Amino acid sequence: MDVIRTAIGLMSGTSMDGIDVALIRTDGRGFIERGPFMGVPYDADFRGQLKRALELSRPLSERSQRPAELRDIELELTLRHAIAVTAFMERFELSAGAVDILGFHGQTVLHRPDEGLTIQIGDGGELARRTGISVVYDMRANDMVHGGQGAPLVPAYHAALAGKFQQAGQAVCFVNIGGISNLTFIGTDGRISAFDSGPGNTLIDQWVEMQTGKAYDPGGEIGGRGKVVAALAERYLQSPFFRGNVRRSLDRGDFAPLRPEEASLEDGARTLAHVAAASIIKSAGFLPETPALYIVCGGGRLNATVMVEFSIMAERLGSRVLTAEEAGFDGDAMEAEAWAYLAVRSLDGLPLTFPSTTGVAAPVSGGVLATP
C-alpha cells in the first residue's frame, strides 16, 4: 500500500516577490488532499539582494560555486524560509512531528539548459536543522545530468490534478503565468507534454518598476489604460524561441526589457501583457492538439489585461479559459503544492521529470534529502 505523507512545499519563483507555503497530504501518485496556503512577501531590500544574486551568478560555471556575497544571500534566503515555515505551522497549529517532509525550491539565480547548468540558492541542510523537518531540495539538477532542460517540474503535479477533466473527455492545458510562463498539456489519453512558453510577468514587472518604482502592475490596471505597440510586440514574438520544433526552458534574462524611451508607461505595460498572452498561444501551437480547456494559475492570472487578451485569443481557436479558482484549485498555492508533491515522489524514488516534459532521456527522479 502506498504511504500517504504530509508535506509542505516552499516556492520562491522568478518574480522574486516572496515565499509561497502550502501543505498537502499525498502518496506522490493519484491521492492528493490539499491543505492550507500562506504567502510571505519579500521586502524591497531583500528583493534587491536577490537581483544582486542574479548578477553574482552570471559568471559561474558550476552548480556548487558560491562566492562569499552570494553565500550570504543564500543564508538569508534560507533563514527567511525557516521563519516562513515556523509562521505557517504556528498559524495552522501544526507540530514539526506532524509534517513528514519539506519540498524546498530555493531561488533560481542561473538557468542555462544548453550548458546543462542550473543554480538554485537555498541551503537544504540548514533549513532542516532550523525547522527540525527533513527537506528535499535541488530537484532540477538530476534531470539535467540525464540530458533534460531542468524545467518545467510542475507537470507531474498537474497531471495528477487533471483526472476529472480527462474523465470528461477534455484535453486540458495548465498555464502557469509566473515570471516565465509554462504549459502542461494532458491529453484525453493521459499523454503529457510540457514546456516553457515564453515571458510571463517578468517583462511587465521590470517595465513598471523601471518607470514607477512599483514592483508590478496591480490587476493589470496600468496596461488596461494603454494600447499595443505592434512593432514592439512583434519584436518579442519573432524571437527564435517561437520557431523550430525543439522546446527549451527559459531564464528570466532570455528576453530583454523594453527601453524607457520606447513607449509610454501604459502602452509599454499593455504591449507586454499582449506579448505574455500571445506567447502562450504561439507556444501552444507545438502541442499535440488544441486544448479544449486552459486552466490559468500563477500571479499572471490576476492581471486582467493579460487574461482578457489570452481569453480572446484562445476562444478564437475554440478553447475555453478558466482561472485555477474557477476550476476548483488555488492558483496562488499550486506551485508550492507541486513542490510538496515532488518531495514525496523524490522520497519514493518516483520520476519527477519525463522525456515529454523536460527532454530528459528517460523518466528520472531527483532531489537531495537533508535530515535535521
# chains A, B, ... in the order shown; residues from 1 in each chain; ligands from 1
>>> residues_around(residues="A:Phe46", least_positions_apart="6", cutoff="9 Å", atoms="only C-alpha atoms", output="list in words")
Ile73, Glu76 and Leu77 of chain A
>>> residues_around(residues="A:Ala256", least_positions_apart="4", cutoff="10 Å", atoms="only C-alpha atoms", output="mmCIF file with C-alpha atoms, in the first residue's frame")
data_model
loop_
_atom_site.group_PDB
_atom_site.id
_atom_site.type_symbol
_atom_site.label_atom_id
_atom_site.label_comp_id
_atom_site.auth_asym_id
_atom_site.auth_seq_id
_atom_site.Cartn_x
_atom_site.Cartn_y
_atom_site.Cartn_z
ATOM 1 C CA LEU A 203 8.885 41.860 -18.577
ATOM 2 C CA GLN A 206 10.604 45.112 -14.970
ATOM 3 C CA TYR A 236 9.369 39.807 -28.979
ATOM 4 C CA ARG A 252 14.412 35.473 -16.915
#
>>> select_by_dssp(residues="stretch 276-362 of chain A", states="strand (DSSP E)", output="list in words")
Leu293, Tyr294, Ile295, Val296, Cys297, Arg320, Val321, Leu322 and Thr323 of chain A
>>> closest_residue(among="A:Ala333, A:Ile133, A:Ala340, A:Ala278", to="A:Phe310", atoms="only C-alpha atoms")
A:Ala278
>>> atom_distance(atom1="atom CA of A:Gly224", atom2="atom CA of A:Thr305")
5.6 Å
>>> closest_atom_pairs(of="stretch 216-317 of chain A", to="stretch 106-128 of chain A", cutoff="9 Å", atoms="only C-alpha atoms", output="tab-separated table")
residue	atom	partner	partner_atom	distance
A:Arg248	CA	A:Pro113	CA	7.6
A:Ser249	CA	A:Pro113	CA	6.7
A:Leu250	CA	A:His111	CA	7.4
A:Asp251	CA	A:His111	CA	5.5
A:Arg252	CA	A:His111	CA	8.6
>>> closest_residue(among="A:Leu347, A:Leu293, A:Pro363, A:Gln149", to="A:Ala168", atoms="only C-alpha atoms")
A:Leu293
>>> closest_residue(among="A:Pro59, A:Gly223, A:Gly39, A:Gly367", to="A:Gly331", atoms="only C-alpha atoms")
A:Gly39
>>> select_by_dssp(residues="stretch 172-323 of chain A", states="helix (DSSP H, G or I)", output="ChimeraX atom specification")
/A:202-212,218-224,230-237,240-242,260-262,265-284,299-302,304-316
>>> closest_residue(among="A:His105, A:Arg80, A:Arg345, A:Arg243", to="A:Arg29", atoms="only C-alpha atoms")
A:Arg345
>>> closest_residue(among="A:Ala215, A:Val246, A:Ala7, A:Gly147", to="A:Pro41", atoms="only C-alpha atoms")
A:Ala215
>>> residues_around(residues="A:Gly359", least_positions_apart="2", cutoff="9 Å", atoms="only C-alpha atoms", output="MDAnalysis selection string")
chainID A and resid 143 147:150 247:248 353:357 361:362
>>> write_last_selection(atoms="N, CA and C atoms", output="PDB file, in the first residue's frame")
ATOM      1  N   ASP A 143      17.799  15.931 -13.399  1.00  0.00           N
ATOM      2  CA  ASP A 143      17.208  15.931 -14.735  1.00  0.00           C
ATOM      3  C   ASP A 143      18.233  16.402 -15.767  1.00  0.00           C
ATOM      4  N   GLY A 147      20.356  14.795 -19.283  1.00  0.00           N
ATOM      5  CA  GLY A 147      20.066  15.351 -20.600  1.00  0.00           C
ATOM      6  C   GLY A 147      18.819  16.194 -20.708  1.00  0.00           C
ATOM      7  N   GLY A 148      18.148  16.443 -19.564  1.00  0.00           N
ATOM      8  CA  GLY A 148      16.936  17.254 -19.593  1.00  0.00           C
ATOM      9  C   GLY A 148      17.228  18.747 -19.478  1.00  0.00           C
ATOM     10  N   GLN A 149      16.171  19.543 -19.631  1.00  0.00           N
ATOM     11  CA  GLN A 149      16.281  21.005 -19.560  1.00  0.00           C
ATOM     12  C   GLN A 149      16.192  21.522 -18.115  1.00  0.00           C
ATOM     13  N   GLY A 150      15.851  20.639 -17.154  1.00  0.00           N
ATOM     14  CA  GLY A 150      15.727  21.069 -15.767  1.00  0.00           C
ATOM     15  C   GLY A 150      14.438  21.808 -15.474  1.00  0.00           C
ATOM     16  N   ARG A 247      11.611  22.494 -28.059  1.00  0.00           N
ATOM     17  CA  ARG A 247      11.231  23.407 -26.974  1.00  0.00           C
ATOM     18  C   ARG A 247      12.392  23.481 -25.984  1.00  0.00           C
ATOM     19  N   ARG A 248      12.656  24.650 -25.425  1.00  0.00           N
ATOM     20  CA  ARG A 248      13.717  24.774 -24.428  1.00  0.00           C
ATOM     21  C   ARG A 248      13.201  25.582 -23.249  1.00  0.00           C
ATOM     22  N   THR A 353      10.529  14.003 -13.628  1.00  0.00           N
ATOM     23  CA  THR A 353      10.507  14.544 -14.982  1.00  0.00           C
ATOM     24  C   THR A 353      10.483  13.418 -16.001  1.00  0.00           C
ATOM     25  N   PHE A 354      10.073  13.769 -17.220  1.00  0.00           N
ATOM     26  CA  PHE A 354       9.817  12.782 -18.272  1.00  0.00           C
ATOM     27  C   PHE A 354      10.344  13.328 -19.601  1.00  0.00           C
ATOM     28  N   PRO A 355      10.602  12.451 -20.573  1.00  0.00           N
ATOM     29  CA  PRO A 355      11.068  12.936 -21.875  1.00  0.00           C
ATOM     30  C   PRO A 355      10.146  13.996 -22.493  1.00  0.00           C
ATOM     31  N   SER A 356       8.827  13.856 -22.250  1.00  0.00           N
ATOM     32  CA  SER A 356       7.875  14.789 -22.869  1.00  0.00           C
ATOM     33  C   SER A 356       7.699  16.081 -22.072  1.00  0.00           C
ATOM     34  N   THR A 357       8.379  16.195 -20.923  1.00  0.00           N
ATOM     35  CA  THR A 357       8.268  17.441 -20.155  1.00  0.00           C
ATOM     36  C   THR A 357       9.560  18.243 -20.168  1.00  0.00           C
ATOM     37  N   ALA A 361      16.380  11.966 -21.081  1.00  0.00           N
ATOM     38  CA  ALA A 361      16.493  10.743 -21.875  1.00  0.00           C
ATOM     39  C   ALA A 361      15.452   9.692 -21.491  1.00  0.00           C
ATOM     40  N   ALA A 362      15.154   9.571 -20.182  1.00  0.00           N
ATOM     41  CA  ALA A 362      14.160   8.616 -19.689  1.00  0.00           C
ATOM     42  C   ALA A 362      13.592   9.197 -18.396  1.00  0.00           C
TER      43      ALA A 362
END
>>> residues_around(residues="A:Ala284", least_positions_apart="4", cutoff="9 Å", atoms="only C-alpha atoms", output="list in words")
Cys173, Leu183, Phe185, Ser197, Ser279, Ile280, Pro288, Glu289, Thr290 and Pro291 of chain A
>>> residues_around(residues="A:Phe255", least_positions_apart="6", cutoff="10 Å", atoms="only C-alpha atoms", output="mmCIF file with N, CA, C and O atoms, in the first residue's frame")
data_model
loop_
_atom_site.group_PDB
_atom_site.id
_atom_site.type_symbol
_atom_site.label_atom_id
_atom_site.label_comp_id
_atom_site.auth_asym_id
_atom_site.auth_seq_id
_atom_site.Cartn_x
_atom_site.Cartn_y
_atom_site.Cartn_z
ATOM 1 N N GLY A 198 7.184 31.143 -22.760
ATOM 2 C CA GLY A 198 7.615 32.500 -23.073
ATOM 3 C C GLY A 198 7.587 33.397 -21.854
ATOM 4 O O GLY A 198 7.356 32.942 -20.730
ATOM 5 N N PRO A 199 7.807 34.702 -22.056
ATOM 6 C CA PRO A 199 7.808 35.628 -20.918
ATOM 7 C C PRO A 199 6.412 35.751 -20.308
ATOM 8 O O PRO A 199 5.419 35.796 -21.028
ATOM 9 N N THR A 202 7.586 38.723 -15.904
ATOM 10 C CA THR A 202 8.885 39.365 -15.702
ATOM 11 C C THR A 202 9.024 40.671 -16.471
ATOM 12 O O THR A 202 9.411 41.699 -15.910
ATOM 13 N N LEU A 203 8.710 40.650 -17.773
ATOM 14 C CA LEU A 203 8.885 41.860 -18.577
ATOM 15 C C LEU A 203 7.972 42.991 -18.099
ATOM 16 O O LEU A 203 8.374 44.155 -18.047
ATOM 17 N N TYR A 236 9.306 40.930 -29.922
ATOM 18 C CA TYR A 236 9.369 39.807 -28.979
ATOM 19 C C TYR A 236 8.860 38.523 -29.625
ATOM 20 O O TYR A 236 9.460 37.447 -29.479
ATOM 21 N N SER A 239 10.962 36.229 -31.888
ATOM 22 C CA SER A 239 12.133 35.588 -31.289
ATOM 23 C C SER A 239 12.324 34.172 -31.832
ATOM 24 O O SER A 239 11.340 33.445 -32.053
ATOM 25 N N PHE A 241 12.959 31.722 -30.263
ATOM 26 C CA PHE A 241 12.367 30.784 -29.302
ATOM 27 C C PHE A 241 11.051 30.214 -29.823
ATOM 28 O O PHE A 241 10.704 29.068 -29.534
#
>>> closest_residue(among="A:Ile101, A:Met210, A:Met144, A:Met38", to="A:Leu369", atoms="only C-alpha atoms")
A:Ile101
>>> residues_around(residues="A:Asp17", least_positions_apart="4", cutoff="10 Å", atoms="only C-alpha atoms", output="list in words")
Ser12, Gly13, Gly39, Val40, Pro41, Tyr42, Asp43, Ala44, Phe46, Arg47, Leu50, Gly179, Ala215 and Tyr216 of chain A
